[in-house]
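Input: a single structure, listed below in structure tokens.
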Amino acid sequence: MRKFVKTTLAIVTLVAGFAALAVVPARALVEIDINKGVVEPVPIAITDFLSGDAMGTEIAGVISADLRRSGLFAPIEKNAFIEKISNPDVTPRFEDWKVINAQAVVTGRVTQEPDGRLRVEFRVWDTFAGRQLAGEQLFANKDNWRRVAHIIADTIYEQFTGEKGYFDSRIVYVSESGPRDNRVKRLAIMDQDGARHEYLSDGRSIVLTPRFSPQRQEITYMSYESGNPQVYLLQLETGQRELVGNFPGMTFAPRFSPNGDKVIMSLLREDGNSNIYTMDLRTRNTARLTDTNAIDTSPSYSPDGSQVVFTSDRGGRAQIYVMGADGSNQRRISFGDGAYSTPVWSPRGDLIAFTKQSGGNFQIGVMRTDGSGERIISSGFLQEGPTWSPNGRVIMFFRQDAGAAGPKLYSIDLTGRNEQPVPTPTFGSDPAWSPLLK
């Protein structure tokens, strides 16, 4: 088991020269309405940050890639720049940037502190309003330069959309390699853009459905190392691992409660029925939430912890149900054709994502929490397992195309128009998106 070490990143806002942040933060003259069905990407110029080495160019490259992948920004090619930034503390020549239709300009500097840490300063300028939108300085260990870039991209995203970004986050997933009849499945973790990849398990046992704690550097997942699927907790900072109970049947689809104190899962009994249980991780006490002669599985809490969405075939075909967190008021909310599975509540609380099998295709879709407004955003030969970005605007899932040797990860925004492959060194399945890092 490899140890994933969380490193801290101090963030300090500059005072001198950053008057825009000394009062109410400025908003961009050109704002992005992300609630529209189609959004025209905002042209933005990300200049290389001044530095004594390649670090400034690399940071600018990550910022540009993050914003481009969101589908909301269109970074302008550097060979189109007219002004060469030689001092990021000086106001840019806005007319030069208007000529190339750059609606915003990002400038910055990277220096090294006496203690070896990086000091990264950046400014975001609104070219048409002729003013500074944001400016900060960040301190970090040199190994954390990518996190600095993601945090800057999140700041830019928020300035133009009014909502938190999602770039400073991580993905845990199942890495798959080897032939189909002898597939090796390992836990893996990486940044949301596929960088800083590392393995968390050695592949000697099959692992499935890893999920992040919303409060701690911890994941829960299933492992077949005992012969039956059982639920484990893994502390990412220490590598410490523990079994969550010793249940007589098989355990499936574990997820954390919003406060991280409970795990909710389904338990399969000898009679073939599966019901939903919770376990308090402090007391190890369990509570049964469903009691049917059916298969109830894939539970997911609402962000306030008051409700649970799950899948059940109690009506003859797998459909989506919602109940109170104590198991009360169980009610069906999906009524479309096909079979529904893997529902997961949006962190915004407004939507539920799901997998739907209909007409020989697998689809990723969303619906409101009462089941209305069902909308399919992606269809494919074999795809499932949606997971939400921390801001509830992007969904990641895995797909195996017809004839492909294995599955791959993809992301798509809620418009359904910005689907992107997520790079992994091997095949990948069962992704889970972390909250924003702290």
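In the structure tokens, the first chain shown is A, the next is B, and so on; residue numbers restart at 1 for each chain, and ligands run from 1 in the order shown.
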
- Show which residues sit within 7 Å of region 150-159 of chain A, as a list in words. Count only C-alpha atoms, and ignore same-chain residues fewer than 3 positions away. Arg27, Ala28, Ile63, Asp66, Leu67, Arg146, Arg147, Gly162, Glu163, Lys164, Gly165, Tyr166, Phe167 and Asp168 of chain A

- Query: Hey, what's within 12 Å of Arg417 (chain A) if we count only C-alpha atoms and toss same-chain stuff fewer than 4 positions away? As number ranges by chain, please?
  - Reply: A: 36-40, 69-72, 376-378, 394, 411-413

Residues as selected, N, CA and C atoms, written as a PDB file, in the first residue's frame, can you do that?
ATOM      1  N   LYS A  36     -27.188  28.819 -18.799  1.00  0.00           N
ATOM      2  CA  LYS A  36     -27.657  28.758 -20.182  1.00  0.00           C
ATOM      3  C   LYS A  36     -27.342  27.398 -20.791  1.00  0.00           C
ATOM      4  N   GLY A  37     -28.133  26.993 -21.768  1.00  0.00           N
ATOM      5  CA  GLY A  37     -27.876  25.724 -22.434  1.00  0.00           C
ATOM      6  C   GLY A  37     -26.597  25.746 -23.248  1.00  0.00           C
ATOM      7  N   VAL A  38     -26.325  26.858 -23.926  1.00  0.00           N
ATOM      8  CA  VAL A  38     -25.124  26.990 -24.739  1.00  0.00           C
ATOM      9  C   VAL A  38     -24.400  28.250 -24.288  1.00  0.00           C
ATOM     10  N   VAL A  39     -23.128  28.122 -24.000  1.00  0.00           N
ATOM     11  CA  VAL A  39     -22.329  29.255 -23.544  1.00  0.00           C
ATOM     12  C   VAL A  39     -21.175  29.471 -24.510  1.00  0.00           C
ATOM     13  N   GLU A  40     -21.017  30.699 -24.988  1.00  0.00           N
ATOM     14  CA  GLU A  40     -19.898  31.029 -25.859  1.00  0.00           C
ATOM     15  C   GLU A  40     -18.654  31.198 -24.988  1.00  0.00           C
ATOM     16  N   ARG A  69     -10.550  23.115 -20.673  1.00  0.00           N
ATOM     17  CA  ARG A  69     -11.330  21.888 -20.482  1.00  0.00           C
ATOM     18  C   ARG A  69     -12.717  22.177 -19.938  1.00  0.00           C
ATOM     19  N   SER A  70     -12.876  23.286 -19.236  1.00  0.00           N
ATOM     20  CA  SER A  70     -14.197  23.606 -18.692  1.00  0.00           C
ATOM     21  C   SER A  70     -15.212  23.919 -19.784  1.00  0.00           C
ATOM     22  N   GLY A  71     -14.718  24.291 -20.967  1.00  0.00           N
ATOM     23  CA  GLY A  71     -15.607  24.659 -22.061  1.00  0.00           C
ATOM     24  C   GLY A  71     -16.141  26.076 -21.965  1.00  0.00           C
ATOM     25  N   LEU A  72     -15.797  26.795 -20.891  1.00  0.00           N
ATOM     26  CA  LEU A  72     -16.302  28.148 -20.681  1.00  0.00           C
ATOM     27  C   LEU A  72     -15.307  29.223 -21.094  1.00  0.00           C
ATOM     28  N   ILE A 376     -31.018  13.304 -20.589  1.00  0.00           N
ATOM     29  CA  ILE A 376     -29.855  12.475 -20.907  1.00  0.00           C
ATOM     30  C   ILE A 376     -28.756  13.373 -21.462  1.00  0.00           C
ATOM     31  N   ILE A 377     -27.547  13.262 -20.902  1.00  0.00           N
ATOM     32  CA  ILE A 377     -26.454  14.120 -21.365  1.00  0.00           C
ATOM     33  C   ILE A 377     -25.367  13.333 -22.093  1.00  0.00           C
ATOM     34  N   SER A 378     -25.393  11.997 -22.012  1.00  0.00           N
ATOM     35  CA  SER A 378     -24.408  11.199 -22.748  1.00  0.00           C
ATOM     36  C   SER A 378     -24.950   9.794 -22.952  1.00  0.00           C
ATOM     37  N   VAL A 394     -20.102  19.582 -13.364  1.00  0.00           N
ATOM     38  CA  VAL A 394     -19.477  18.620 -14.279  1.00  0.00           C
ATOM     39  C   VAL A 394     -19.661  17.222 -13.700  1.00  0.00           C
ATOM     40  N   SER A 411     -15.343  13.150 -18.792  1.00  0.00           N
ATOM     41  CA  SER A 411     -16.112  14.152 -18.066  1.00  0.00           C
ATOM     42  C   SER A 411     -17.025  14.873 -19.046  1.00  0.00           C
ATOM     43  N   ILE A 412     -18.129  15.399 -18.522  1.00  0.00           N
ATOM     44  CA  ILE A 412     -19.080  16.122 -19.357  1.00  0.00           C
ATOM     45  C   ILE A 412     -19.799  17.141 -18.482  1.00  0.00           C
ATOM     46  N   ASP A 413     -20.065  18.332 -19.027  1.00  0.00           N
ATOM     47  CA  ASP A 413     -20.785  19.310 -18.227  1.00  0.00           C
ATOM     48  C   ASP A 413     -22.287  19.108 -18.374  1.00  0.00           C
TER      49      ASP A 413
END

- Of the candidates A:Met323, A:Ala149, A:Ala102, A:Met250, which shows the shortest atom-to-atom distance to Asp126 (chain A), using only C-alpha atoms?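 Checking each of A:Met323, A:Ala149, A:Ala102, A:Met250 against Asp126 (chain A), counting only C-alpha atoms, the winner is A:Ala102.
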
- Identify which of the residues A:Ser372, A:Thr342, A:Ser205, A:Ser169 lies closest to Leu436 (chain A), counting only C-alpha atoms when measuring atom-to-atom distances.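 Nearest candidate to Leu436 (chain A) out of A:Ser372, A:Thr342, A:Ser205, A:Ser169: A:Ser169.
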
- Query: Using the chain letters and numbers from this document, which residues of region 265-417 of chain A does DSSP assign to strand (DSSP E or B), as a ChimeraX atom specification?
  - Reply: /A:265-268,274-280,286-288,295-301,307-312,319-324,331-332,339-345,351-358,361-368,375-380,383-388,394-399,408-413

- Message: Can you tell me which residues surround region 305-320 of chain A at a distance of at most 6 Å, considering only C-alpha atoms, apart from same-chain residues fewer than 6 positions away, and format the answer as a VMD selection string?
- Response: chain A and resid 258 294 to 299 332 to 334 339 to 341

With C-alpha atoms kept, could you save the residues just selected as a compact mmCIF listing (two decimals), in the first residue's frame?
# COMPACT_ATOMS: atom_id res chain seq x y z
CA PRO A 258 -22.06 14.37 4.35
CA ALA A 294 -36.04 -6.93 -3.49
CA ILE A 295 -32.61 -5.58 -4.36
CA ASP A 296 -32.10 -2.16 -2.79
CA THR A 297 -28.65 -0.79 -3.55
CA SER A 298 -26.46 2.18 -4.58
CA PRO A 299 -27.50 4.60 -1.81
CA ARG A 332 -40.24 6.13 -6.33
CA ILE A 333 -39.16 9.15 -8.40
CA SER A 334 -38.19 7.67 -11.81
CA ALA A 339 -33.60 0.42 -15.96
CA TYR A 340 -31.95 2.97 -13.66
CA SER A 341 -28.86 2.52 -11.51

Which polymer residues have any atom within 9 Å of an atom of Arg68 (chain A), counting only C-alpha atoms, with same-chain residues fewer than 6 positions away left out, as an mmCIF file with N, CA and C atoms, in the first residue's frame?
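Okay, this is what ended up in result23.cif:
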data_model
loop_
_atom_site.group_PDB
_atom_site.id
_atom_site.type_symbol
_atom_site.label_atom_id
_atom_site.label_comp_id
_atom_site.auth_asym_id
_atom_site.auth_seq_id
_atom_site.Cartn_x
_atom_site.Cartn_y
_atom_site.Cartn_z
ATOM 1 N N PRO A 41 -17.591 30.426 -25.228
ATOM 2 C CA PRO A 41 -16.396 30.530 -24.389
ATOM 3 C C PRO A 41 -15.788 31.934 -24.418
ATOM 4 N N ALA A 74 -11.793 30.256 -23.717
ATOM 5 C CA ALA A 74 -11.027 29.948 -24.920
ATOM 6 C C ALA A 74 -9.680 30.655 -24.815
ATOM 7 N N PRO A 75 -8.675 30.020 -24.190
ATOM 8 C CA PRO A 75 -7.352 30.644 -24.084
ATOM 9 C C PRO A 75 -6.786 30.972 -25.466
#

- Message: Nearest residue to Ser429 (chain A) out of A:Gln103, A:Ser64, A:Ser177, A:Thr57, using only C-alpha atoms?
- Response: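 Smallest separation from Ser429 (chain A) among the options: A:Ser177.
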
- If you count only C-alpha atoms, which residues fall within 10 Å of region 195-197 of chain A, apart from same-chain ones fewer than 4 positions away, as a ChimeraX atom specification? /A:146,170-172,188-191,423-425

Dump C-alpha atoms for the selected residues as a PDB file, in the first residue's frame?
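Contents of selection.pdb, freshly written:
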ATOM      1  CA  ARG A 146       0.421  22.286  -9.927  1.00  0.00           C
ATOM      2  CA  ARG A 170      -8.616  14.888  -7.028  1.00  0.00           C
ATOM      3  CA  ILE A 171     -10.072  11.708  -8.507  1.00  0.00           C
ATOM      4  CA  VAL A 172      -9.857   8.244  -7.013  1.00  0.00           C
ATOM      5  CA  ALA A 188      -5.429   4.870  -8.036  1.00  0.00           C
ATOM      6  CA  ILE A 189      -5.563   8.580  -7.295  1.00  0.00           C
ATOM      7  CA  MET A 190      -4.756  11.627  -9.424  1.00  0.00           C
ATOM      8  CA  ASP A 191      -5.539  15.292  -9.933  1.00  0.00           C
ATOM      9  CA  PRO A 423      -6.185  10.727 -19.249  1.00  0.00           C
ATOM     10  CA  THR A 424      -5.111   7.670 -17.238  1.00  0.00           C
ATOM     11  CA  PRO A 425      -2.081   5.387 -17.737  1.00  0.00           C
TER      12      PRO A 425
END

- Atomic separation - CA of Glu176 (chain A) relative to CA of Gln383 (chain A), Å: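 Taking CA of Gln383 (chain A) as the start and CA of Glu176 (chain A) as the end point, the length is 15.2 Å.
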
- Query: How many Å lie between CA of Tyr173 (chain A) and CA of Gly428 (chain A), rounded to one decimal?
  - Reply: 6.7 Å

- Query: Got a sec: who's within 9 Å of Thr107 (chain A), counting only C-alpha atoms, leaving out chain neighbours fewer than 2 positions off, as a ChimeraX atom specification?
  - Reply: /A:45-50,60,85,87-89,92,105,109,121-125

File of the preceding selection, N, CA and C atoms, as an mmCIF file, in the first residue's frame:
data_model
loop_
_atom_site.group_PDB
_atom_site.id
_atom_site.type_symbol
_atom_site.label_atom_id
_atom_site.label_comp_id
_atom_site.auth_asym_id
_atom_site.auth_seq_id
_atom_site.Cartn_x
_atom_site.Cartn_y
_atom_site.Cartn_z
ATOM 1 N N ALA A 45 -6.446 35.630 -22.197
ATOM 2 C CA ALA A 45 -5.005 35.531 -22.451
ATOM 3 C C ALA A 45 -4.299 35.146 -21.153
ATOM 4 N N ILE A 46 -3.654 33.997 -21.143
ATOM 5 C CA ILE A 46 -2.879 33.541 -19.990
ATOM 6 C C ILE A 46 -1.411 33.734 -20.349
ATOM 7 N N THR A 47 -0.783 34.774 -19.821
ATOM 8 C CA THR A 47 0.611 35.042 -20.154
ATOM 9 C C THR A 47 1.528 34.160 -19.307
ATOM 10 N N ASP A 48 2.712 33.850 -19.836
ATOM 11 C CA ASP A 48 3.691 33.111 -19.041
ATOM 12 C C ASP A 48 4.069 33.933 -17.809
ATOM 13 N N PHE A 49 4.050 33.273 -16.655
ATOM 14 C CA PHE A 49 4.445 33.970 -15.436
ATOM 15 C C PHE A 49 5.960 34.182 -15.473
ATOM 16 N N LEU A 50 6.413 35.361 -15.073
ATOM 17 C CA LEU A 50 7.841 35.647 -15.051
ATOM 18 C C LEU A 50 8.528 34.781 -13.994
ATOM 19 N N ALA A 60 1.413 28.647 -16.088
ATOM 20 C CA ALA A 60 0.482 29.240 -17.047
ATOM 21 C C ALA A 60 -0.166 28.171 -17.924
ATOM 22 N N ILE A 85 4.583 41.022 -21.576
ATOM 23 C CA ILE A 85 4.542 41.437 -20.175
ATOM 24 C C ILE A 85 5.941 41.300 -19.567
ATOM 25 N N ASN A 87 6.588 43.249 -16.577
ATOM 26 C CA ASN A 87 6.400 43.551 -15.161
ATOM 27 C C ASN A 87 4.928 43.324 -14.828
ATOM 28 N N PRO A 88 4.593 42.233 -14.141
ATOM 29 C CA PRO A 88 3.182 41.934 -13.865
ATOM 30 C C PRO A 88 2.536 42.898 -12.875
ATOM 31 N N ASP A 89 3.333 43.767 -12.231
ATOM 32 C CA ASP A 89 2.768 44.761 -11.322
ATOM 33 C C ASP A 89 2.242 45.986 -12.059
ATOM 34 N N PRO A 92 -1.579 46.362 -17.687
ATOM 35 C CA PRO A 92 -1.342 46.042 -19.105
ATOM 36 C C PRO A 92 -1.854 47.159 -20.019
ATOM 37 N N VAL A 105 -7.012 39.218 -19.117
ATOM 38 C CA VAL A 105 -5.583 38.918 -19.191
ATOM 39 C C VAL A 105 -5.124 38.477 -17.808
ATOM 40 N N ARG A 109 4.024 36.195 -11.555
ATOM 41 C CA ARG A 109 5.454 36.078 -11.288
ATOM 42 C C ARG A 109 5.685 34.912 -10.331
ATOM 43 N N GLU A 121 2.704 35.058 -7.498
ATOM 44 C CA GLU A 121 1.806 36.211 -7.531
ATOM 45 C C GLU A 121 1.068 36.225 -8.871
ATOM 46 N N PHE A 122 -0.204 36.552 -8.827
ATOM 47 C CA PHE A 122 -0.942 36.645 -10.091
ATOM 48 C C PHE A 122 -1.985 37.748 -10.000
ATOM 49 N N ARG A 123 -2.343 38.247 -11.171
ATOM 50 C CA ARG A 123 -3.403 39.249 -11.304
ATOM 51 C C ARG A 123 -4.298 38.865 -12.478
ATOM 52 N N VAL A 124 -5.573 39.137 -12.327
ATOM 53 C CA VAL A 124 -6.550 38.932 -13.395
ATOM 54 C C VAL A 124 -7.110 40.298 -13.762
ATOM 55 N N TRP A 125 -7.013 40.648 -15.051
ATOM 56 C CA TRP A 125 -7.425 41.961 -15.538
ATOM 57 C C TRP A 125 -8.605 41.823 -16.494
#
